[in-house]
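Raw final03.pdb, PDB, C-alpha atoms:
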ATOM      1  CA  MET D   1     136.170  97.549 118.958  1.00  0.00           C
ATOM      2  CA  ARG D   2     137.222 101.056 120.006  1.00  0.00           C
ATOM      3  CA  TYR D   3     134.341 101.241 122.483  1.00  0.00           C
ATOM      4  CA  LEU D   4     135.220  97.854 123.964  1.00  0.00           C
ATOM      5  CA  ILE D   5     138.830  98.967 124.524  1.00  0.00           C
ATOM      6  CA  ILE D   6     137.691 102.177 126.231  1.00  0.00           C
ATOM      7  CA  PHE D   7     135.245 100.183 128.321  1.00  0.00           C
ATOM      8  CA  CYS D   8     137.977  97.784 129.465  1.00  0.00           C
ATOM      9  CA  PHE D   9     140.185 100.686 130.562  1.00  0.00           C
ATOM     10  CA  ILE D  10     137.300 102.166 132.545  1.00  0.00           C
ATOM     11  CA  CYS D  11     136.700  98.832 134.264  1.00  0.00           C
ATOM     12  CA  LEU D  12     140.407  98.448 135.071  1.00  0.00           C
ATOM     13  CA  GLY D  13     140.426 101.951 136.484  1.00  0.00           C
ATOM     14  CA  SER D  14     138.056 100.874 139.229  1.00  0.00           C
ATOM     15  CA  LEU D  15     140.429  98.164 140.525  1.00  0.00           C
ATOM     16  CA  PRO D  16     143.118 100.099 142.449  1.00  0.00           C
ATOM     17  CA  ALA D  17     142.808 100.568 146.210  1.00  0.00           C
ATOM     18  CA  HIS D  18     140.330  97.720 146.370  1.00  0.00           C
ATOM     19  CA  GLY D  19     141.132  96.908 149.980  1.00  0.00           C
ATOM     20  CA  GLN D  20     141.126 100.561 151.092  1.00  0.00           C
ATOM     21  CA  ARG D  21     137.608 101.578 150.110  1.00  0.00           C
ATOM     22  CA  GLU D  22     134.968 101.434 152.825  1.00  0.00           C
ATOM     23  CA  ASP D  23     132.188 100.794 150.306  1.00  0.00           C
ATOM     24  CA  ALA D  24     133.870  97.747 148.735  1.00  0.00           C
ATOM     25  CA  GLY D  25     131.399  94.903 148.554  1.00  0.00           C
ATOM     26  CA  ASN D  26     128.499  97.167 149.592  1.00  0.00           C
ATOM     27  CA  TYR D  27     126.153  97.657 146.625  1.00  0.00           C
ATOM     28  CA  GLU D  28     123.093  99.166 148.317  1.00  0.00           C
ATOM     29  CA  TYR D  29     122.310 102.622 146.942  1.00  0.00           C
ATOM     30  CA  ASP D  30     119.415 105.103 146.747  1.00  0.00           C
ATOM     31  CA  ARG D  31     120.453 107.497 143.993  1.00  0.00           C
ATOM     32  CA  GLU D  32     122.619 107.411 140.889  1.00  0.00           C
ATOM     33  CA  VAL D  33     123.873 109.779 138.200  1.00  0.00           C
ATOM     34  CA  LEU D  34     125.126 108.185 134.969  1.00  0.00           C
ATOM     35  CA  PHE D  35     126.691 109.469 131.751  1.00  0.00           C
ATOM     36  CA  GLY D  36     126.673 107.377 128.577  1.00  0.00           C
ATOM     37  CA  ILE D  37     128.004 107.144 125.010  1.00  0.00           C
ATOM     38  CA  ASN D  38     125.691 105.401 122.576  1.00  0.00           C
ATOM     39  CA  LYS D  39     126.211 103.315 119.442  1.00  0.00           C
ATOM     40  CA  ASN D  40     123.140 102.237 117.468  1.00  0.00           C
ATOM     41  CA  THR D  41     122.070 100.848 114.112  1.00  0.00           C
ATOM     42  CA  ASN D  42     120.684 104.249 113.006  1.00  0.00           C
ATOM     43  CA  GLY D  43     123.753 106.252 114.007  1.00  0.00           C
ATOM     44  CA  GLY D  44     127.354 106.784 113.037  1.00  0.00           C
ATOM     45  CA  LEU D  45     130.549 106.002 114.918  1.00  0.00           C
ATOM     46  CA  ILE D  46     129.043 107.693 117.970  1.00  0.00           C
ATOM     47  CA  GLY D  47     125.262 107.479 117.865  1.00  0.00           C
ATOM     48  CA  GLY D  48     124.583 109.810 120.779  1.00  0.00           C
ATOM     49  CA  ILE D  49     125.113 110.716 124.412  1.00  0.00           C
ATOM     50  CA  SER D  50     122.897 110.402 127.479  1.00  0.00           C
ATOM     51  CA  PHE D  51     122.471 111.693 131.032  1.00  0.00           C
ATOM     52  CA  LYS D  52     120.503 109.682 133.595  1.00  0.00           C
ATOM     53  CA  ILE D  53     119.324 110.341 137.160  1.00  0.00           C
ATOM     54  CA  GLY D  54     117.814 107.422 139.095  1.00  0.00           C
ATOM     55  CA  SER D  55     116.345 106.843 142.568  1.00  0.00           C
ATOM     56  CA  SER D  56     115.169 103.777 144.462  1.00  0.00           C
ATOM     57  CA  ILE D  57     111.529 102.825 145.018  1.00  0.00           C
ATOM     58  CA  ASP D  58     112.381  99.666 146.940  1.00  0.00           C
ATOM     59  CA  ASP D  59     115.338  97.258 147.212  1.00  0.00           C
ATOM     60  CA  ASN D  60     115.043  95.955 143.634  1.00  0.00           C
ATOM     61  CA  LEU D  61     112.987  98.612 141.842  1.00  0.00           C
ATOM     62  CA  PHE D  62     114.247 102.003 140.648  1.00  0.00           C
ATOM     63  CA  GLN D  63     112.817 104.898 138.673  1.00  0.00           C
ATOM     64  CA  PHE D  64     114.862 107.163 136.431  1.00  0.00           C
ATOM     65  CA  PHE D  65     114.742 110.283 134.318  1.00  0.00           C
ATOM     66  CA  GLN D  66     117.003 110.325 131.291  1.00  0.00           C
ATOM     67  CA  LEU D  67     117.913 112.714 128.492  1.00  0.00           C
ATOM     68  CA  GLU D  68     119.332 111.339 125.245  1.00  0.00           C
ATOM     69  CA  LEU D  69     120.745 113.263 122.291  1.00  0.00           C
ATOM     70  CA  ALA D  70     121.142 111.183 119.122  1.00  0.00           C
ATOM     71  CA  ASN D  71     121.969 111.604 115.446  1.00  0.00           C
ATOM     72  CA  VAL D  72     119.567 109.500 113.348  1.00  0.00           C
ATOM     73  CA  LYS D  73     120.629 108.425 109.854  1.00  0.00           C
ATOM     74  CA  ASN D  74     119.006 106.834 106.838  1.00  0.00           C
ATOM     75  CA  PRO D  75     120.328 103.234 106.511  1.00  0.00           C
ATOM     76  CA  LYS D  76     121.199 103.861 102.849  1.00  0.00           C
ATOM     77  CA  GLU D  77     123.640 106.670 103.554  1.00  0.00           C
ATOM     78  CA  VAL D  78     127.080 106.021 102.034  1.00  0.00           C
ATOM     79  CA  ARG D  79     130.129 108.167 102.679  1.00  0.00           C
ATOM     80  CA  TYR D  80     132.456 108.982  99.735  1.00  0.00           C
ATOM     81  CA  ASN D  81     135.981 110.400  99.711  1.00  0.00           C
ATOM     82  CA  THR D  82     137.065 113.236  97.438  1.00  0.00           C
ATOM     83  CA  ALA D  83     140.424 113.952  95.797  1.00  0.00           C
ATOM     84  CA  LEU D  84     140.979 116.640  98.449  1.00  0.00           C
ATOM     85  CA  GLY D  85     140.736 114.105 101.253  1.00  0.00           C
ATOM     86  CA  ASN D  86     137.273 115.185 102.399  1.00  0.00           C
ATOM     87  CA  SER D  87     134.367 112.816 102.884  1.00  0.00           C
ATOM     88  CA  PHE D  88     130.667 113.463 102.336  1.00  0.00           C
ATOM     89  CA  ILE D  89     127.348 111.651 102.003  1.00  0.00           C
ATOM     90  CA  PHE D  90     125.983 111.949  98.490  1.00  0.00           C
ATOM     91  CA  GLY D  91     122.191 112.088  98.317  1.00  0.00           C
ATOM     92  CA  LYS D  92     121.711 113.303 101.874  1.00  0.00           C
ATOM     93  CA  SER D  93     119.726 116.536 102.252  1.00  0.00           C
ATOM     94  CA  ASN D  94     119.036 116.712 106.008  1.00  0.00           C
ATOM     95  CA  TYR D  95     120.352 115.705 109.393  1.00  0.00           C
ATOM     96  CA  LEU D  96     117.974 114.442 112.066  1.00  0.00           C
ATOM     97  CA  TYR D  97     118.906 115.110 115.680  1.00  0.00           C
ATOM     98  CA  SER D  98     116.615 113.484 118.237  1.00  0.00           C
ATOM     99  CA  ILE D  99     116.243 114.989 121.708  1.00  0.00           C
ATOM    100  CA  ARG D 100     114.629 112.359 123.968  1.00  0.00           C
ATOM    101  CA  PRO D 101     113.556 113.139 127.526  1.00  0.00           C
ATOM    102  CA  GLN D 102     112.218 109.954 129.115  1.00  0.00           C
ATOM    103  CA  TYR D 103     110.900 108.386 132.281  1.00  0.00           C
ATOM    104  CA  GLY D 104     111.514 104.742 133.072  1.00  0.00           C
ATOM    105  CA  ARG D 105     111.619 101.921 135.600  1.00  0.00           C
ATOM    106  CA  GLU D 106     114.455  99.483 136.256  1.00  0.00           C
ATOM    107  CA  ILE D 107     114.245  96.108 138.020  1.00  0.00           C
ATOM    108  CA  ILE D 108     117.349  94.422 139.413  1.00  0.00           C
ATOM    109  CA  MET D 109     117.231  90.797 138.310  1.00  0.00           C
ATOM    110  CA  PHE D 110     120.593  89.579 139.644  1.00  0.00           C
ATOM    111  CA  LYS D 111     122.666  91.361 142.265  1.00  0.00           C
ATOM    112  CA  LYS D 112     126.429  91.166 142.543  1.00  0.00           C
ATOM    113  CA  ALA D 113     128.139  88.958 145.055  1.00  0.00           C
ATOM    114  CA  PRO D 114     130.758  90.783 147.188  1.00  0.00           C
ATOM    115  CA  HIS D 115     133.848  91.732 145.153  1.00  0.00           C
ATOM    116  CA  GLN D 116     132.770  89.805 142.075  1.00  0.00           C
ATOM    117  CA  GLY D 117     130.101  89.226 139.475  1.00  0.00           C
ATOM    118  CA  VAL D 118     127.860  91.416 137.378  1.00  0.00           C
ATOM    119  CA  GLN D 119     124.592  93.079 138.315  1.00  0.00           C
ATOM    120  CA  VAL D 120     121.904  92.504 135.683  1.00  0.00           C
ATOM    121  CA  SER D 121     118.838  94.725 135.410  1.00  0.00           C
ATOM    122  CA  ALA D 122     115.882  95.020 133.047  1.00  0.00           C
ATOM    123  CA  LEU D 123     114.542  98.461 132.207  1.00  0.00           C
ATOM    124  CA  ALA D 124     111.945 100.206 130.086  1.00  0.00           C
ATOM    125  CA  ALA D 125     111.290 103.882 129.365  1.00  0.00           C
ATOM    126  CA  VAL D 126     108.989 106.132 127.323  1.00  0.00           C
ATOM    127  CA  GLY D 127     108.909 109.800 126.480  1.00  0.00           C
ATOM    128  CA  PRO D 128     108.378 112.505 123.858  1.00  0.00           C
ATOM    129  CA  THR D 129     110.841 113.217 121.072  1.00  0.00           C
ATOM    130  CA  LEU D 130     111.832 116.586 119.706  1.00  0.00           C
ATOM    131  CA  GLY D 131     113.374 116.157 116.260  1.00  0.00           C
ATOM    132  CA  LEU D 132     115.677 118.832 114.860  1.00  0.00           C
ATOM    133  CA  ILE D 133     115.825 118.601 111.041  1.00  0.00           C
ATOM    134  CA  ALA D 134     118.908 120.519 109.902  1.00  0.00           C
ATOM    135  CA  PRO D 135     119.952 120.935 106.240  1.00  0.00           C
ATOM    136  CA  TYR D 136     122.984 118.991 105.019  1.00  0.00           C
ATOM    137  CA  TYR D 137     125.264 121.216 102.944  1.00  0.00           C
ATOM    138  CA  ILE D 138     127.806 120.172 100.325  1.00  0.00           C
ATOM    139  CA  GLU D 139     130.422 122.207  98.480  1.00  0.00           C
ATOM    140  CA  VAL D 140     130.213 121.902  94.681  1.00  0.00           C
ATOM    141  CA  TYR D 141     131.997 123.256  91.626  1.00  0.00           C
ATOM    142  CA  LEU D 142     130.568 126.225  89.770  1.00  0.00           C
ATOM    143  CA  SER D 143     133.676 126.669  87.639  1.00  0.00           C
ATOM    144  CA  ARG D 144     137.393 125.978  87.836  1.00  0.00           C
ATOM    145  CA  THR D 145     137.838 128.954  90.145  1.00  0.00           C
ATOM    146  CA  GLU D 146     134.533 129.138  91.973  1.00  0.00           C
ATOM    147  CA  THR D 147     132.612 126.868  94.349  1.00  0.00           C
ATOM    148  CA  ILE D 148     129.401 127.174  96.318  1.00  0.00           C
ATOM    149  CA  ARG D 149     127.946 125.479  99.388  1.00  0.00           C
ATOM    150  CA  GLN D 150     124.340 124.335  98.990  1.00  0.00           C
ATOM    151  CA  GLN D 151     121.881 121.959 100.538  1.00  0.00           C
ATOM    152  CA  TYR D 152     121.799 118.792  98.465  1.00  0.00           C
ATOM    153  CA  ASP D 153     119.109 118.908  95.773  1.00  0.00           C
ATOM    154  CA  PRO D 154     118.721 115.900  93.420  1.00  0.00           C
ATOM    155  CA  ASN D 155     117.660 118.238  90.605  1.00  0.00           C
ATOM    156  CA  LEU D 156     120.875 120.272  90.886  1.00  0.00           C
ATOM    157  CA  HIS D 157     123.466 117.776  92.084  1.00  0.00           C
ATOM    158  CA  GLN D 158     123.346 114.707  89.891  1.00  0.00           C
ATOM    159  CA  SER D 159     126.991 113.626  90.014  1.00  0.00           C
ATOM    160  CA  ARG D 160     128.979 113.002  93.161  1.00  0.00           C
ATOM    161  CA  PHE D 161     132.176 113.829  91.266  1.00  0.00           C
ATOM    162  CA  ASP D 162     131.180 117.519  91.255  1.00  0.00           C
ATOM    163  CA  VAL D 163     131.253 117.579  95.059  1.00  0.00           C
ATOM    164  CA  LEU D 164     134.361 118.812  96.877  1.00  0.00           C
ATOM    165  CA  GLY D 165     133.154 117.890 100.343  1.00  0.00           C
ATOM    166  CA  PRO D 166     130.621 118.728 103.050  1.00  0.00           C
ATOM    167  CA  GLY D 167     129.700 122.209 104.216  1.00  0.00           C
ATOM    168  CA  ARG D 168     131.035 123.806 107.368  1.00  0.00           C
ATOM    169  CA  LEU D 169     130.319 122.383 110.801  1.00  0.00           C
ATOM    170  CA  PHE D 170     126.789 123.376 111.921  1.00  0.00           C
ATOM    171  CA  GLU D 171     126.227 125.300 108.687  1.00  0.00           C
ATOM    172  CA  GLY D 172     122.503 125.846 108.183  1.00  0.00           C
ATOM    173  CA  ILE D 173     121.577 124.968 111.758  1.00  0.00           C
ATOM    174  CA  GLY D 174     119.609 128.217 111.921  1.00  0.00           C
ATOM    175  CA  GLU D 175     117.392 126.946 109.097  1.00  0.00           C
ATOM    176  CA  SER D 176     116.347 123.827 111.007  1.00  0.00           C
ATOM    177  CA  GLU D 177     112.778 122.597 111.246  1.00  0.00           C
ATOM    178  CA  LEU D 178     111.135 120.858 114.192  1.00  0.00           C
ATOM    179  CA  ALA D 179     109.335 117.519 114.228  1.00  0.00           C
ATOM    180  CA  PHE D 180     107.441 116.158 117.228  1.00  0.00           C
ATOM    181  CA  GLY D 181     107.086 112.527 118.139  1.00  0.00           C
ATOM    182  CA  ALA D 182     107.477 109.914 120.861  1.00  0.00           C
ATOM    183  CA  HIS D 183     109.684 106.944 121.666  1.00  0.00           C
ATOM    184  CA  ALA D 184     109.923 103.846 123.839  1.00  0.00           C
ATOM    185  CA  LYS D 185     112.791 101.540 124.701  1.00  0.00           C
ATOM    186  CA  ALA D 186     113.484  98.270 126.512  1.00  0.00           C
ATOM    187  CA  ALA D 187     116.924  97.056 127.562  1.00  0.00           C
ATOM    188  CA  LEU D 188     119.141  94.920 129.751  1.00  0.00           C
ATOM    189  CA  SER D 189     121.827  96.602 131.837  1.00  0.00           C
ATOM    190  CA  PHE D 190     125.058  94.885 132.915  1.00  0.00           C
ATOM    191  CA  GLU D 191     126.991  96.669 135.665  1.00  0.00           C
ATOM    192  CA  PHE D 192     130.563  96.078 136.800  1.00  0.00           C
ATOM    193  CA  GLY D 193     132.850  97.439 139.504  1.00  0.00           C
ATOM    194  CA  PHE D 194     133.580  96.770 143.171  1.00  0.00           C
ATOM    195  CA  PHE D 195     132.293  99.925 144.832  1.00  0.00           C
ATOM    196  CA  LYS D 196     128.900 101.409 145.558  1.00  0.00           C
ATOM    197  CA  SER D 197     130.061 104.978 144.939  1.00  0.00           C
ATOM    198  CA  ASN D 198     130.840 104.498 141.232  1.00  0.00           C
ATOM    199  CA  VAL D 199     129.634 102.227 138.468  1.00  0.00           C
ATOM    200  CA  THR D 200     130.603 101.268 134.936  1.00  0.00           C
ATOM    201  CA  GLY D 201     128.515  99.144 132.647  1.00  0.00           C
ATOM    202  CA  LEU D 202     126.864  98.343 129.383  1.00  0.00           C
ATOM    203  CA  GLU D 203     123.223  98.720 128.340  1.00  0.00           C
ATOM    204  CA  LEU D 204     121.881  96.648 125.426  1.00  0.00           C
ATOM    205  CA  GLY D 205     118.439  97.446 124.099  1.00  0.00           C
ATOM    206  CA  TYR D 206     115.857  98.190 121.444  1.00  0.00           C
ATOM    207  CA  LEU D 207     114.333 101.616 120.709  1.00  0.00           C
ATOM    208  CA  LEU D 208     111.221 102.524 118.713  1.00  0.00           C
ATOM    209  CA  GLU D 209     110.652 106.144 117.706  1.00  0.00           C
ATOM    210  CA  GLY D 210     107.930 107.784 115.646  1.00  0.00           C
ATOM    211  CA  PHE D 211     107.263 111.299 114.365  1.00  0.00           C
ATOM    212  CA  GLY D 212     104.122 113.108 113.262  1.00  0.00           C
ATOM    213  CA  LYS D 213     105.441 113.401 109.708  1.00  0.00           C
ATOM    214  CA  GLU D 214     107.864 111.708 107.343  1.00  0.00           C
ATOM    215  CA  ILE D 215     111.444 112.846 107.866  1.00  0.00           C
ATOM    216  CA  VAL D 216     113.168 113.415 104.519  1.00  0.00           C
ATOM    217  CA  LEU D 217     116.840 112.599 105.036  1.00  0.00           C
ATOM    218  CA  MET D 218     117.556 111.406 101.467  1.00  0.00           C
ATOM    219  CA  PRO D 219     115.013 112.610  98.871  1.00  0.00           C
ATOM    220  CA  THR D 220     115.956 109.987  96.250  1.00  0.00           C
ATOM    221  CA  THR D 221     115.276 106.956  98.458  1.00  0.00           C
ATOM    222  CA  GLU D 222     112.661 105.717 100.895  1.00  0.00           C
ATOM    223  CA  ASN D 223     112.219 107.908 103.947  1.00  0.00           C
ATOM    224  CA  ARG D 224     110.542 107.082 107.214  1.00  0.00           C
ATOM    225  CA  GLN D 225     108.185 108.354 109.828  1.00  0.00           C
ATOM    226  CA  ILE D 226     108.974 105.531 112.262  1.00  0.00           C
ATOM    227  CA  PHE D 227     112.514 104.495 113.199  1.00  0.00           C
ATOM    228  CA  GLN D 228     113.661 101.460 115.132  1.00  0.00           C
ATOM    229  CA  SER D 229     117.148 100.550 116.253  1.00  0.00           C
ATOM    230  CA  VAL D 230     119.201  98.188 118.353  1.00  0.00           C
ATOM    231  CA  TYR D 231     121.731  99.975 120.521  1.00  0.00           C
ATOM    232  CA  PHE D 232     124.361  99.641 123.199  1.00  0.00           C
ATOM    233  CA  THR D 233     125.439 102.333 125.625  1.00  0.00           C
ATOM    234  CA  LEU D 234     128.657 102.397 127.626  1.00  0.00           C
ATOM    235  CA  PHE D 235     128.042 104.285 130.855  1.00  0.00           C
ATOM    236  CA  TYR D 236     129.896 105.548 133.877  1.00  0.00           C
ATOM    237  CA  GLY D 237     128.522 107.269 136.954  1.00  0.00           C
ATOM    238  CA  PHE D 238     128.181 107.774 140.662  1.00  0.00           C
ATOM    239  CA  ARG D 239     125.878 106.410 143.373  1.00  0.00           C
ATOM    240  CA  ARG D 240     125.097 106.997 147.005  1.00  0.00           C
TER     241      ARG D 240
END

Could you render the structure from this file as structure tokens?
Amino acid sequence: MRYLIIFCFICLGSLPAHGQREDAGNYEYDREVLFGINKNTNGGLIGGISFKIGSSIDDNLFQFFQLELANVKNPKEVRYNTALGNSFIFGKSNYLYSIRPQYGREIIMFKKAPHQGVQVSALAAVGPTLGLIAPYYIEVYLSRTETIRQQYDPNLHQSRFDVLGPGRLFEGIGESELAFGAHAKAALSFEFGFFKSNVTGLELGYLLEGFGKEIVLMPTTENRQIFQSVYFTLFYGFRR
């Protein structure tokens, strides 16, 4: 709901000065630069961010290069609150950050009529994935006066009531491991706005991603080598 509210404000922001813009009603463009915020079934409140550069091949066909940064979670992760007001994920031992450079093609299926309507496009993209596996730290009791921050270990941390909260932001990032893989996605894009020079919209799609090894996010449950998700991305950008 929060994303939909933000999206509505962005759309409304494109309405002023409608009659004063020279590019109103003109939707032909050769290049675009878009920025996006992603929500997906493998992510949290914000699943990731993206940056996209596209160029035209012909009137209805475009190519694009895109970079996505996403936080991938195990579907069985559950967040708990502590008496101190902190929240943590019990049983989680690692983060997985996916860095996804990709190349794709986009076909315009339905163009906008002047000053109204929605442009609908179909797109597909593939590319390599660089996975950053970073340890997930928690702070636990040693005694009434002493605590320690450690990566979760099921042999050491058997009760969630001994946990005071998560570790510090980016703690352990220097101990990260790398995993290599690949991904592919297919989506529909719905674009709004009255002007060629800027665009707002929504991308709905499916993404499949695989790594060369199993990624252990929660050692006490099933872990995966292949991840799939349904996602939507709210985007805003510029065209010429």

>> What's the separation between CA of Ser93 (chain D) and CA of Leu207 (chain D), in Å to one decimal place?
In response: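 Atom-to-atom, CA of Ser93 (chain D) to CA of Leu207 (chain D), that is 24.3 Å.
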
>> Between CA of Pro219 (chain D) and CA of Thr129 (chain D), what is the distance in Å, rounded to a tenth?
In response: 22.6 Å

>> Could you check the closest approach to Leu132 (chain D) for each of D:Gly174, D:Pro101, D:Gly167, D:Gly48 and tell me which residue wins, using all atoms listed in the file?
In response: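 Under the stated criterion, the closest residue is D:Gly174.
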
> Taking all atoms listed in the file into account, which of D:Phe35, D:Tyr231, D:Phe62, D:Phe90 comes nearest Asn198 (chain D)?
Replying inline: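 Nearest candidate to Asn198 (chain D) out of D:Phe35, D:Tyr231, D:Phe62, D:Phe90: D:Phe35.
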
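Once the PyMOL selection byres ((chain D and resi 228-230) around 10) is applied to the shown structure, the selection contains Lys39, Asn40, Thr41, Asn42, Gly43, Val72, His183, Ala184, Lys185, Ala186, Ala187, Leu204, Gly205, Tyr206, Leu207, Leu208, Glu209, Gly210, Ile226, Phe227, Tyr231 and Phe232 of chain D.
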
> How many Å separate CA of Val118 (chain D) from CA of Arg239 (chain D)?
Replying inline: 16.3 Å

> Which residues, protein or nucleic acid, reach to within 12 Å of (109.1, 112.1, 124.2) in the file's coordinates when using all atoms listed in the file, and can you give that as a PyMOL selection string?
Replying inline: chain D and resi 65-69+98-104+125-131+179-185+208-211

>> Going by the chain IDs and residue numbers used in this file, which residues fall under the PyMOL selection byres ((chain D and resi 136) around 7)? Write them as JSON, numbers by chain.
In response: {"D": [92, 93, 94, 95, 134, 135, 137, 138, 151, 152]}

Where atoms are missing, can you supply N, CA and C atoms for region 142-165 of chain D and output the lot as a compact mmCIF listing (two decimals), keeping the file's coordinate frame?
# COMPACT_ATOMS: atom_id res chain seq x y z
N LEU D 142 131.29 125.40 90.72
CA LEU D 142 130.57 126.22 89.77
C LEU D 142 131.41 126.41 88.51
N SER D 143 132.71 126.56 88.74
CA SER D 143 133.68 126.67 87.64
C SER D 143 135.03 126.24 88.19
N ARG D 144 136.06 126.37 87.38
CA ARG D 144 137.39 125.98 87.84
C ARG D 144 137.89 126.83 89.00
N THR D 145 137.36 128.02 89.12
CA THR D 145 137.84 128.95 90.14
C THR D 145 136.79 129.29 91.20
N GLU D 146 135.61 128.73 91.07
CA GLU D 146 134.53 129.14 91.97
C GLU D 146 133.75 127.92 92.46
N THR D 147 133.44 127.92 93.75
CA THR D 147 132.61 126.87 94.35
C THR D 147 131.49 127.52 95.15
N ILE D 148 130.52 126.69 95.52
CA ILE D 148 129.40 127.17 96.32
C ILE D 148 128.96 126.06 97.26
N ARG D 149 128.48 126.45 98.44
CA ARG D 149 127.95 125.48 99.39
C ARG D 149 126.43 125.56 99.35
N GLN D 150 125.79 124.41 99.12
CA GLN D 150 124.34 124.34 98.99
C GLN D 150 123.81 123.09 99.70
N GLN D 151 122.55 123.17 100.08
CA GLN D 151 121.88 121.96 100.54
C GLN D 151 121.70 121.03 99.34
N TYR D 152 121.92 119.74 99.57
CA TYR D 152 121.80 118.79 98.46
C TYR D 152 120.40 118.84 97.86
N ASP D 153 120.35 118.92 96.53
CA ASP D 153 119.11 118.91 95.77
C ASP D 153 119.31 117.94 94.60
N PRO D 154 118.51 116.87 94.50
CA PRO D 154 118.72 115.90 93.42
C PRO D 154 118.55 116.49 92.03
N ASN D 155 117.84 117.61 91.91
CA ASN D 155 117.66 118.24 90.60
C ASN D 155 118.88 119.06 90.19
N LEU D 156 119.70 119.46 91.17
CA LEU D 156 120.88 120.27 90.89
C LEU D 156 122.17 119.48 90.95
N HIS D 157 122.22 118.50 91.83
CA HIS D 157 123.47 117.78 92.08
C HIS D 157 123.28 116.31 91.67
N GLN D 158 123.60 116.03 90.44
CA GLN D 158 123.35 114.71 89.89
C GLN D 158 124.59 113.83 89.81
N SER D 159 125.75 114.40 90.05
CA SER D 159 126.99 113.63 90.01
C SER D 159 127.79 113.88 91.29
N ARG D 160 128.20 112.83 91.94
CA ARG D 160 128.98 113.00 93.16
C ARG D 160 130.39 113.49 92.87
N PHE D 161 130.82 113.40 91.62
CA PHE D 161 132.18 113.83 91.27
C PHE D 161 132.29 115.35 91.17
N ASP D 162 131.16 116.06 91.22
CA ASP D 162 131.18 117.52 91.26
C ASP D 162 131.28 118.06 92.68
N VAL D 163 131.27 117.16 93.65
CA VAL D 163 131.25 117.58 95.06
C VAL D 163 132.67 117.59 95.61
N LEU D 164 133.04 118.69 96.27
CA LEU D 164 134.36 118.81 96.88
C LEU D 164 134.38 118.33 98.33
N GLY D 165 133.22 118.31 98.95
CA GLY D 165 133.15 117.89 100.34
C GLY D 165 131.92 118.44 101.02
